[in-house]
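Structure file upload25.cif (mmCIF, N, CA and C atoms) follows.
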data_protein
loop_
_atom_site.label_atom_id
_atom_site.label_comp_id
_atom_site.auth_asym_id
_atom_site.auth_seq_id
_atom_site.Cartn_x
_atom_site.Cartn_y
_atom_site.Cartn_z
N GLN T 1 0.85 -1.20 0.00
CA GLN T 1 0.00 0.00 0.00
C GLN T 1 0.88 1.24 0.00
N LEU T 2 0.49 2.21 -0.82
CA LEU T 2 1.23 3.47 -0.92
C LEU T 2 0.28 4.60 -0.56
N VAL T 3 0.68 5.46 0.37
CA VAL T 3 -0.17 6.56 0.80
C VAL T 3 0.62 7.85 0.74
N GLU T 4 0.19 8.75 -0.18
CA GLU T 4 0.87 10.03 -0.32
C GLU T 4 0.30 11.06 0.66
N SER T 5 1.13 12.02 1.00
CA SER T 5 0.70 13.14 1.82
C SER T 5 1.62 14.32 1.54
N GLY T 6 1.21 15.49 2.02
CA GLY T 6 2.06 16.67 1.91
C GLY T 6 1.66 17.64 0.82
N GLY T 7 0.64 17.30 0.04
CA GLY T 7 0.19 18.22 -0.98
C GLY T 7 -0.49 19.43 -0.36
N GLY T 8 -0.79 20.41 -1.19
CA GLY T 8 -1.45 21.61 -0.71
C GLY T 8 -1.36 22.73 -1.72
N SER T 9 -1.69 23.91 -1.27
CA SER T 9 -1.65 25.10 -2.13
C SER T 9 -0.49 25.98 -1.70
N VAL T 10 0.22 26.51 -2.66
CA VAL T 10 1.40 27.33 -2.37
C VAL T 10 1.53 28.37 -3.47
N GLN T 11 2.13 29.49 -3.12
CA GLN T 11 2.39 30.52 -4.13
C GLN T 11 3.62 30.17 -4.93
N ALA T 12 3.68 30.71 -6.14
CA ALA T 12 4.84 30.50 -7.00
C ALA T 12 6.12 30.89 -6.26
N GLY T 13 7.12 30.04 -6.40
CA GLY T 13 8.38 30.24 -5.72
C GLY T 13 8.47 29.52 -4.39
N GLY T 14 7.35 28.99 -3.94
CA GLY T 14 7.32 28.30 -2.66
C GLY T 14 7.78 26.86 -2.76
N SER T 15 7.68 26.16 -1.63
CA SER T 15 8.16 24.78 -1.53
C SER T 15 7.12 23.90 -0.86
N LEU T 16 7.18 22.64 -1.20
CA LEU T 16 6.39 21.60 -0.54
C LEU T 16 7.23 20.33 -0.49
N ARG T 17 6.96 19.49 0.51
CA ARG T 17 7.57 18.18 0.54
C ARG T 17 6.49 17.12 0.57
N LEU T 18 6.49 16.27 -0.42
CA LEU T 18 5.55 15.17 -0.48
C LEU T 18 6.17 13.94 0.17
N SER T 19 5.33 13.15 0.80
CA SER T 19 5.76 11.89 1.41
C SER T 19 4.90 10.76 0.85
N CYS T 20 5.48 9.60 0.79
CA CYS T 20 4.76 8.40 0.36
C CYS T 20 5.12 7.29 1.33
N ALA T 21 4.18 6.96 2.19
CA ALA T 21 4.40 5.89 3.18
C ALA T 21 4.08 4.56 2.54
N VAL T 22 4.97 3.61 2.70
CA VAL T 22 4.86 2.31 2.05
C VAL T 22 4.66 1.23 3.09
N SER T 23 3.75 0.32 2.83
CA SER T 23 3.54 -0.80 3.73
C SER T 23 3.19 -2.04 2.91
N GLY T 24 3.47 -3.18 3.48
CA GLY T 24 3.04 -4.42 2.86
C GLY T 24 4.10 -5.17 2.08
N TYR T 25 5.29 -4.59 1.92
CA TYR T 25 6.35 -5.31 1.22
C TYR T 25 7.70 -4.74 1.62
N THR T 26 8.75 -5.40 1.16
CA THR T 26 10.10 -5.02 1.55
C THR T 26 10.50 -3.77 0.78
N TYR T 27 10.31 -2.64 1.44
CA TYR T 27 10.47 -1.34 0.80
C TYR T 27 11.84 -1.17 0.15
N SER T 28 12.89 -1.57 0.84
CA SER T 28 14.24 -1.26 0.38
C SER T 28 14.58 -1.94 -0.93
N SER T 29 13.88 -2.98 -1.30
CA SER T 29 14.21 -3.72 -2.51
C SER T 29 13.42 -3.23 -3.72
N TYR T 30 12.58 -2.23 -3.52
CA TYR T 30 11.73 -1.75 -4.60
C TYR T 30 12.28 -0.49 -5.26
N CYS T 31 11.97 -0.34 -6.53
CA CYS T 31 12.20 0.89 -7.26
C CYS T 31 10.96 1.77 -7.10
N MET T 32 11.18 3.07 -6.92
CA MET T 32 10.09 3.98 -6.60
C MET T 32 10.11 5.17 -7.55
N GLY T 33 8.94 5.75 -7.75
CA GLY T 33 8.87 6.93 -8.60
C GLY T 33 7.78 7.88 -8.18
N TRP T 34 7.93 9.13 -8.58
CA TRP T 34 6.89 10.15 -8.43
C TRP T 34 6.40 10.55 -9.81
N PHE T 35 5.10 10.61 -9.95
CA PHE T 35 4.47 11.00 -11.20
C PHE T 35 3.47 12.12 -10.92
N ARG T 36 3.07 12.80 -11.96
CA ARG T 36 2.04 13.83 -11.79
C ARG T 36 1.14 13.86 -13.01
N GLN T 37 -0.07 14.29 -12.77
CA GLN T 37 -1.02 14.42 -13.87
C GLN T 37 -1.85 15.68 -13.65
N ALA T 38 -1.76 16.57 -14.61
CA ALA T 38 -2.55 17.79 -14.59
C ALA T 38 -3.84 17.56 -15.38
N PRO T 39 -4.89 18.32 -15.09
CA PRO T 39 -6.15 18.15 -15.82
C PRO T 39 -5.95 18.28 -17.32
N GLY T 40 -6.46 17.29 -18.05
CA GLY T 40 -6.37 17.32 -19.50
C GLY T 40 -5.04 16.92 -20.07
N LYS T 41 -4.13 16.50 -19.20
CA LYS T 41 -2.79 16.11 -19.67
C LYS T 41 -2.50 14.67 -19.27
N GLU T 42 -1.56 14.08 -19.97
CA GLU T 42 -1.14 12.72 -19.63
C GLU T 42 -0.27 12.72 -18.38
N ARG T 43 -0.29 11.59 -17.71
CA ARG T 43 0.57 11.44 -16.55
C ARG T 43 2.03 11.43 -16.99
N GLU T 44 2.87 12.10 -16.24
CA GLU T 44 4.28 12.17 -16.59
C GLU T 44 5.15 11.80 -15.38
N GLY T 45 6.28 11.18 -15.68
CA GLY T 45 7.22 10.87 -14.62
C GLY T 45 7.96 12.11 -14.20
N VAL T 46 8.13 12.28 -12.91
CA VAL T 46 8.80 13.44 -12.35
C VAL T 46 10.18 13.08 -11.83
N ALA T 47 10.24 12.02 -11.04
CA ALA T 47 11.51 11.59 -10.45
C ALA T 47 11.40 10.12 -10.10
N ALA T 48 12.53 9.43 -10.13
CA ALA T 48 12.54 8.02 -9.80
C ALA T 48 13.83 7.67 -9.08
N ILE T 49 13.73 6.69 -8.20
CA ILE T 49 14.91 6.22 -7.48
C ILE T 49 14.87 4.70 -7.42
N ASP T 50 15.97 4.09 -7.82
CA ASP T 50 16.05 2.64 -7.84
C ASP T 50 16.43 2.09 -6.46
N SER T 51 16.36 0.79 -6.34
CA SER T 51 16.74 0.16 -5.09
C SER T 51 18.21 0.36 -4.77
N ASP T 52 19.02 0.62 -5.81
CA ASP T 52 20.45 0.85 -5.57
C ASP T 52 20.77 2.33 -5.38
N GLY T 53 19.73 3.16 -5.41
CA GLY T 53 19.92 4.59 -5.18
C GLY T 53 20.08 5.43 -6.42
N SER T 54 20.09 4.81 -7.60
CA SER T 54 20.19 5.58 -8.84
C SER T 54 18.94 6.44 -9.01
N ILE T 55 19.15 7.68 -9.47
CA ILE T 55 18.07 8.65 -9.53
C ILE T 55 17.92 9.23 -10.94
N ASP T 56 16.69 9.41 -11.37
CA ASP T 56 16.37 10.10 -12.62
C ASP T 56 15.39 11.23 -12.32
N TYR T 57 15.53 12.31 -13.08
CA TYR T 57 14.60 13.44 -12.98
C TYR T 57 14.11 13.82 -14.37
N ALA T 58 12.87 14.26 -14.45
CA ALA T 58 12.39 14.88 -15.66
C ALA T 58 13.12 16.21 -15.85
N ASP T 59 13.36 16.57 -17.10
CA ASP T 59 14.09 17.82 -17.36
C ASP T 59 13.37 19.02 -16.74
N SER T 60 12.06 18.96 -16.70
CA SER T 60 11.28 20.10 -16.22
C SER T 60 11.45 20.37 -14.73
N VAL T 61 11.99 19.39 -13.98
CA VAL T 61 12.11 19.59 -12.53
C VAL T 61 13.55 19.52 -12.04
N LYS T 62 14.47 19.24 -12.94
CA LYS T 62 15.88 19.15 -12.53
C LYS T 62 16.33 20.46 -11.88
N GLY T 63 17.01 20.32 -10.77
CA GLY T 63 17.50 21.49 -10.04
C GLY T 63 16.48 22.09 -9.09
N ARG T 64 15.24 21.66 -9.18
CA ARG T 64 14.18 22.17 -8.30
C ARG T 64 13.62 21.10 -7.38
N PHE T 65 13.49 19.89 -7.86
CA PHE T 65 12.91 18.79 -7.09
C PHE T 65 14.01 17.81 -6.68
N THR T 66 13.83 17.21 -5.51
CA THR T 66 14.77 16.21 -5.02
C THR T 66 14.00 15.01 -4.50
N ILE T 67 14.31 13.83 -5.03
CA ILE T 67 13.69 12.59 -4.55
C ILE T 67 14.64 11.93 -3.56
N SER T 68 14.07 11.37 -2.53
CA SER T 68 14.88 10.66 -1.54
C SER T 68 14.01 9.61 -0.87
N LYS T 69 14.66 8.71 -0.17
CA LYS T 69 13.90 7.69 0.55
C LYS T 69 14.57 7.37 1.86
N ASP T 70 13.77 7.02 2.81
CA ASP T 70 14.24 6.61 4.12
C ASP T 70 13.81 5.16 4.30
N ASN T 71 14.76 4.24 4.14
CA ASN T 71 14.41 2.82 4.22
C ASN T 71 13.94 2.44 5.62
N ALA T 72 14.49 3.07 6.64
CA ALA T 72 14.10 2.74 8.00
C ALA T 72 12.63 3.11 8.27
N LYS T 73 12.16 4.17 7.62
CA LYS T 73 10.78 4.61 7.79
C LYS T 73 9.87 4.15 6.66
N SER T 74 10.44 3.41 5.70
CA SER T 74 9.66 2.95 4.54
C SER T 74 8.89 4.10 3.91
N THR T 75 9.58 5.20 3.69
CA THR T 75 8.94 6.40 3.18
C THR T 75 9.76 7.00 2.05
N LEU T 76 9.06 7.38 1.01
CA LEU T 76 9.63 8.07 -0.15
C LEU T 76 9.26 9.54 -0.04
N TYR T 77 10.20 10.42 -0.42
CA TYR T 77 9.95 11.86 -0.35
C TYR T 77 10.18 12.53 -1.70
N LEU T 78 9.53 13.66 -1.87
CA LEU T 78 9.81 14.53 -3.01
C LEU T 78 9.82 15.96 -2.48
N GLN T 79 11.01 16.52 -2.38
CA GLN T 79 11.15 17.91 -1.99
C GLN T 79 11.03 18.77 -3.23
N MET T 80 10.07 19.68 -3.21
CA MET T 80 9.80 20.52 -4.38
C MET T 80 10.04 21.97 -4.01
N ASN T 81 11.02 22.58 -4.67
CA ASN T 81 11.35 23.98 -4.44
C ASN T 81 11.08 24.79 -5.70
N SER T 82 11.03 26.10 -5.53
CA SER T 82 10.81 27.01 -6.67
C SER T 82 9.61 26.56 -7.50
N LEU T 83 8.53 26.25 -6.83
CA LEU T 83 7.35 25.75 -7.52
C LEU T 83 6.76 26.82 -8.44
N GLN T 84 6.25 26.36 -9.56
CA GLN T 84 5.66 27.22 -10.57
C GLN T 84 4.24 26.75 -10.86
N PRO T 85 3.40 27.63 -11.40
CA PRO T 85 2.03 27.23 -11.71
C PRO T 85 1.94 25.97 -12.58
N GLU T 86 2.91 25.78 -13.44
CA GLU T 86 2.89 24.59 -14.31
C GLU T 86 3.17 23.31 -13.55
N ASP T 87 3.55 23.40 -12.29
CA ASP T 87 3.74 22.22 -11.46
C ASP T 87 2.43 21.75 -10.83
N THR T 88 1.38 22.52 -11.03
CA THR T 88 0.07 22.15 -10.49
C THR T 88 -0.40 20.84 -11.10
N ALA T 89 -0.71 19.88 -10.24
CA ALA T 89 -1.11 18.55 -10.70
C ALA T 89 -1.43 17.69 -9.48
N THR T 90 -1.98 16.52 -9.76
CA THR T 90 -2.07 15.48 -8.74
C THR T 90 -0.80 14.65 -8.82
N TYR T 91 -0.15 14.49 -7.69
CA TYR T 91 1.11 13.77 -7.64
C TYR T 91 0.90 12.37 -7.06
N TYR T 92 1.50 11.39 -7.71
CA TYR T 92 1.36 10.00 -7.32
C TYR T 92 2.73 9.38 -7.06
N CYS T 93 2.79 8.49 -6.10
CA CYS T 93 4.00 7.68 -5.98
C CYS T 93 3.69 6.28 -6.51
N ALA T 94 4.74 5.61 -6.94
CA ALA T 94 4.60 4.29 -7.54
C ALA T 94 5.77 3.42 -7.13
N ALA T 95 5.55 2.10 -7.19
CA ALA T 95 6.59 1.17 -6.77
C ALA T 95 6.53 -0.12 -7.58
N ASP T 96 7.69 -0.75 -7.73
CA ASP T 96 7.76 -2.03 -8.42
C ASP T 96 9.11 -2.67 -8.13
N VAL T 97 9.17 -3.98 -8.24
CA VAL T 97 10.45 -4.66 -8.06
C VAL T 97 11.35 -4.44 -9.26
N TYR T 98 10.74 -4.13 -10.40
CA TYR T 98 11.51 -3.88 -11.61
C TYR T 98 11.72 -2.39 -11.81
N ARG T 99 12.78 -2.08 -12.55
CA ARG T 99 13.13 -0.69 -12.78
C ARG T 99 12.37 -0.15 -13.98
N PHE T 100 11.59 0.90 -13.75
CA PHE T 100 10.88 1.57 -14.83
C PHE T 100 11.33 3.01 -15.02
N GLY T 101 12.14 3.50 -14.11
CA GLY T 101 12.59 4.88 -14.20
C GLY T 101 11.42 5.83 -14.24
N LEU T 102 11.37 6.70 -15.25
CA LEU T 102 10.27 7.65 -15.38
C LEU T 102 9.11 7.10 -16.21
N GLY T 103 9.22 5.84 -16.62
CA GLY T 103 8.13 5.20 -17.33
C GLY T 103 7.02 4.80 -16.38
N SER T 104 5.83 4.59 -16.88
CA SER T 104 4.67 4.38 -16.01
C SER T 104 4.31 2.92 -15.81
N GLY T 105 5.24 2.01 -16.01
CA GLY T 105 4.92 0.60 -15.91
C GLY T 105 4.88 0.03 -14.50
N TYR T 106 5.00 0.87 -13.49
CA TYR T 106 5.00 0.41 -12.11
C TYR T 106 3.71 -0.35 -11.79
N ARG T 107 3.85 -1.36 -10.92
CA ARG T 107 2.70 -2.17 -10.57
C ARG T 107 1.84 -1.52 -9.50
N TYR T 108 2.47 -0.88 -8.53
CA TYR T 108 1.74 -0.34 -7.38
C TYR T 108 1.70 1.18 -7.43
N TRP T 109 0.53 1.74 -7.13
CA TRP T 109 0.31 3.18 -7.19
C TRP T 109 -0.45 3.66 -5.97
N GLY T 110 -0.13 4.88 -5.54
CA GLY T 110 -0.89 5.52 -4.49
C GLY T 110 -2.11 6.22 -5.06
N GLN T 111 -2.89 6.84 -4.18
CA GLN T 111 -4.13 7.50 -4.58
C GLN T 111 -3.90 8.94 -5.04
N GLY T 112 -2.75 9.47 -4.74
CA GLY T 112 -2.44 10.82 -5.21
C GLY T 112 -2.66 11.89 -4.17
N THR T 113 -1.93 12.99 -4.32
CA THR T 113 -2.09 14.17 -3.47
C THR T 113 -2.02 15.39 -4.36
N GLN T 114 -2.91 16.34 -4.13
CA GLN T 114 -3.02 17.50 -5.01
C GLN T 114 -2.01 18.58 -4.63
N VAL T 115 -1.36 19.11 -5.65
CA VAL T 115 -0.47 20.25 -5.48
C VAL T 115 -0.97 21.37 -6.38
N THR T 116 -1.23 22.52 -5.78
CA THR T 116 -1.71 23.67 -6.53
C THR T 116 -0.78 24.85 -6.30
N VAL T 117 -0.27 25.41 -7.39
CA VAL T 117 0.66 26.54 -7.31
C VAL T 117 0.02 27.73 -8.01
N SER T 118 -0.11 28.82 -7.28
CA SER T 118 -0.75 30.00 -7.87
C SER T 118 0.19 31.20 -7.90
#

Please go through the file and, once you have read it, give me the structure as structure tokens.
Amino acid sequence: QLVESGGGSVQAGGSLRLSCAVSGYTYSSYCMGWFRQAPGKEREGVAAIDSDGSIDYADSVKGRFTISKDNAKSTLYLQMNSLQPEDTATYYCAADVYRFGLGSGYRYWGQGTQVTVS
């Protein structure tokens, strides 16, 4: 089970940190990702981290967003700085034993948390 939290409304230039609490499987062995979907747009990969710690970012968030994970707390994070209105979307975390990077082939998905930047 994946449960996101930390979304909200923020002004442009502000920051938010999203969390994804994981339960039900061996968190440290899974590859994880953050995705977002804005109204009328396709879901896109934002950031991904493999079980070995390798990280990928979408070009649109490089230098602004940071993905990290705490294996002891079974929690995935996405620190989002310098937020812009175009970052407004529902953000989802995803997990799988296989590596999908920023692709959407992950087996497990959370319910999403809304981020609104004005």

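For the choices T:Tyr77, T:Tyr108, T:Tyr91, T:Trp34, the atom-to-atom distance to Asp56 (chain T) is smallest for T:Trp34 when using only C-alpha atoms.
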
Per DSSP on the backbone, filter region 24-116 of chain T down to the residues in strand (DSSP E or B) and report them as an NGL selection string. :T and (31-37 or 44-49 or 55-57 or 65-70 or 75-80 or 89-96 or 108-109 or 113-116)

Looking at T:Leu18, T:Ala38, T:Val46, T:Leu83, which one is nearest to Thr113 (chain T), with distances taken over only C-alpha atoms? T:Leu18

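Using only N, CA and C atoms, the smallest distance between any of T:Ser74, T:Ser9, T:Arg43, T:Gly63 and Ala21 (chain T) comes from T:Ser74.
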
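Checking T:Asp87, T:Arg17, T:Cys93, T:Cys31 one by one against Gly112 (chain T), counting only N, CA and C atoms, you find the shortest gap at T:Cys93.
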
As a ChimeraX atom specification, please: the residues near Val10 (chain T) (cut-off 8 Å, only C-alpha atoms, same-chain neighbours under 4 positions excluded). /T:14-16,115-118

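Compared by their closest atoms to Pro85 (chain T), and using only N, CA and C atoms, the residues T:Gly53, T:Pro39, T:Gly13, T:Gly110 rank with T:Gly13 nearest.
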
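Between atom N of Ala47 (chain T) and atom C of Ala89 (chain T) there is a distance of 13.1 Å.
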
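Atom N of Phe65 (chain T) is positioned 7.7 Å from CA of Ser82 (chain T).
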
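Evaluated against the shown file, the PyMOL selection byres ((chain T and resi 67) around 7) gives Ala47, Ala48, Ile49, Phe65, Thr66, Ser68, Lys69, Leu76, Tyr77, Leu78 and Gln79 of chain T.
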
Dump region 33-54 of chain T with N, CA and C atoms to a file, as a PDB file, in the first residue's frame.
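The resulting decode_6.pdb:
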ATOM      1  N   GLY T  33       8.936   5.751  -7.754  1.00  0.00           N
ATOM      2  CA  GLY T  33       8.873   6.927  -8.600  1.00  0.00           C
ATOM      3  C   GLY T  33       7.776   7.877  -8.179  1.00  0.00           C
ATOM      4  N   TRP T  34       7.928   9.126  -8.577  1.00  0.00           N
ATOM      5  CA  TRP T  34       6.892  10.155  -8.427  1.00  0.00           C
ATOM      6  C   TRP T  34       6.403  10.548  -9.812  1.00  0.00           C
ATOM      7  N   PHE T  35       5.102  10.615  -9.946  1.00  0.00           N
ATOM      8  CA  PHE T  35       4.470  10.997 -11.200  1.00  0.00           C
ATOM      9  C   PHE T  35       3.471  12.116 -10.916  1.00  0.00           C
ATOM     10  N   ARG T  36       3.073  12.804 -11.956  1.00  0.00           N
ATOM     11  CA  ARG T  36       2.041  13.830 -11.785  1.00  0.00           C
ATOM     12  C   ARG T  36       1.144  13.858 -13.009  1.00  0.00           C
ATOM     13  N   GLN T  37      -0.071  14.288 -12.773  1.00  0.00           N
ATOM     14  CA  GLN T  37      -1.025  14.421 -13.866  1.00  0.00           C
ATOM     15  C   GLN T  37      -1.851  15.676 -13.648  1.00  0.00           C
ATOM     16  N   ALA T  38      -1.762  16.567 -14.609  1.00  0.00           N
ATOM     17  CA  ALA T  38      -2.553  17.790 -14.592  1.00  0.00           C
ATOM     18  C   ALA T  38      -3.837  17.560 -15.375  1.00  0.00           C
ATOM     19  N   PRO T  39      -4.890  18.317 -15.090  1.00  0.00           N
ATOM     20  CA  PRO T  39      -6.150  18.150 -15.816  1.00  0.00           C
ATOM     21  C   PRO T  39      -5.949  18.278 -17.316  1.00  0.00           C
ATOM     22  N   GLY T  40      -6.464  17.287 -18.047  1.00  0.00           N
ATOM     23  CA  GLY T  40      -6.375  17.322 -19.495  1.00  0.00           C
ATOM     24  C   GLY T  40      -5.041  16.923 -20.070  1.00  0.00           C
ATOM     25  N   LYS T  41      -4.127  16.504 -19.200  1.00  0.00           N
ATOM     26  CA  LYS T  41      -2.791  16.107 -19.667  1.00  0.00           C
ATOM     27  C   LYS T  41      -2.502  14.668 -19.270  1.00  0.00           C
ATOM     28  N   GLU T  42      -1.556  14.077 -19.965  1.00  0.00           N
ATOM     29  CA  GLU T  42      -1.137  12.722 -19.634  1.00  0.00           C
ATOM     30  C   GLU T  42      -0.268  12.722 -18.382  1.00  0.00           C
ATOM     31  N   ARG T  43      -0.288  11.592 -17.708  1.00  0.00           N
ATOM     32  CA  ARG T  43       0.570  11.437 -16.549  1.00  0.00           C
ATOM     33  C   ARG T  43       2.032  11.430 -16.989  1.00  0.00           C
ATOM     34  N   GLU T  44       2.871  12.103 -16.238  1.00  0.00           N
ATOM     35  CA  GLU T  44       4.284  12.169 -16.588  1.00  0.00           C
ATOM     36  C   GLU T  44       5.147  11.804 -15.383  1.00  0.00           C
ATOM     37  N   GLY T  45       6.275  11.178 -15.678  1.00  0.00           N
ATOM     38  CA  GLY T  45       7.218  10.866 -14.624  1.00  0.00           C
ATOM     39  C   GLY T  45       7.963  12.108 -14.196  1.00  0.00           C
ATOM     40  N   VAL T  46       8.129  12.277 -12.907  1.00  0.00           N
ATOM     41  CA  VAL T  46       8.799  13.441 -12.351  1.00  0.00           C
ATOM     42  C   VAL T  46      10.182  13.076 -11.830  1.00  0.00           C
ATOM     43  N   ALA T  47      10.236  12.022 -11.043  1.00  0.00           N
ATOM     44  CA  ALA T  47      11.505  11.592 -10.453  1.00  0.00           C
ATOM     45  C   ALA T  47      11.400  10.125 -10.097  1.00  0.00           C
ATOM     46  N   ALA T  48      12.528   9.434 -10.134  1.00  0.00           N
ATOM     47  CA  ALA T  48      12.545   8.018  -9.805  1.00  0.00           C
ATOM     48  C   ALA T  48      13.834   7.674  -9.079  1.00  0.00           C
ATOM     49  N   ILE T  49      13.730   6.689  -8.200  1.00  0.00           N
ATOM     50  CA  ILE T  49      14.907   6.223  -7.481  1.00  0.00           C
ATOM     51  C   ILE T  49      14.873   4.704  -7.422  1.00  0.00           C
ATOM     52  N   ASP T  50      15.973   4.087  -7.816  1.00  0.00           N
ATOM     53  CA  ASP T  50      16.047   2.636  -7.837  1.00  0.00           C
ATOM     54  C   ASP T  50      16.434   2.094  -6.460  1.00  0.00           C
ATOM     55  N   SER T  51      16.365   0.789  -6.343  1.00  0.00           N
ATOM     56  CA  SER T  51      16.737   0.157  -5.087  1.00  0.00           C
ATOM     57  C   SER T  51      18.211   0.361  -4.769  1.00  0.00           C
ATOM     58  N   ASP T  52      19.023   0.617  -5.808  1.00  0.00           N
ATOM     59  CA  ASP T  52      20.452   0.851  -5.568  1.00  0.00           C
ATOM     60  C   ASP T  52      20.765   2.331  -5.381  1.00  0.00           C
ATOM     61  N   GLY T  53      19.726   3.161  -5.406  1.00  0.00           N
ATOM     62  CA  GLY T  53      19.916   4.592  -5.176  1.00  0.00           C
ATOM     63  C   GLY T  53      20.083   5.428  -6.424  1.00  0.00           C
ATOM     64  N   SER T  54      20.087   4.813  -7.601  1.00  0.00           N
ATOM     65  CA  SER T  54      20.186   5.583  -8.841  1.00  0.00           C
ATOM     66  C   SER T  54      18.944   6.444  -9.008  1.00  0.00           C
TER      67      SER T  54
END
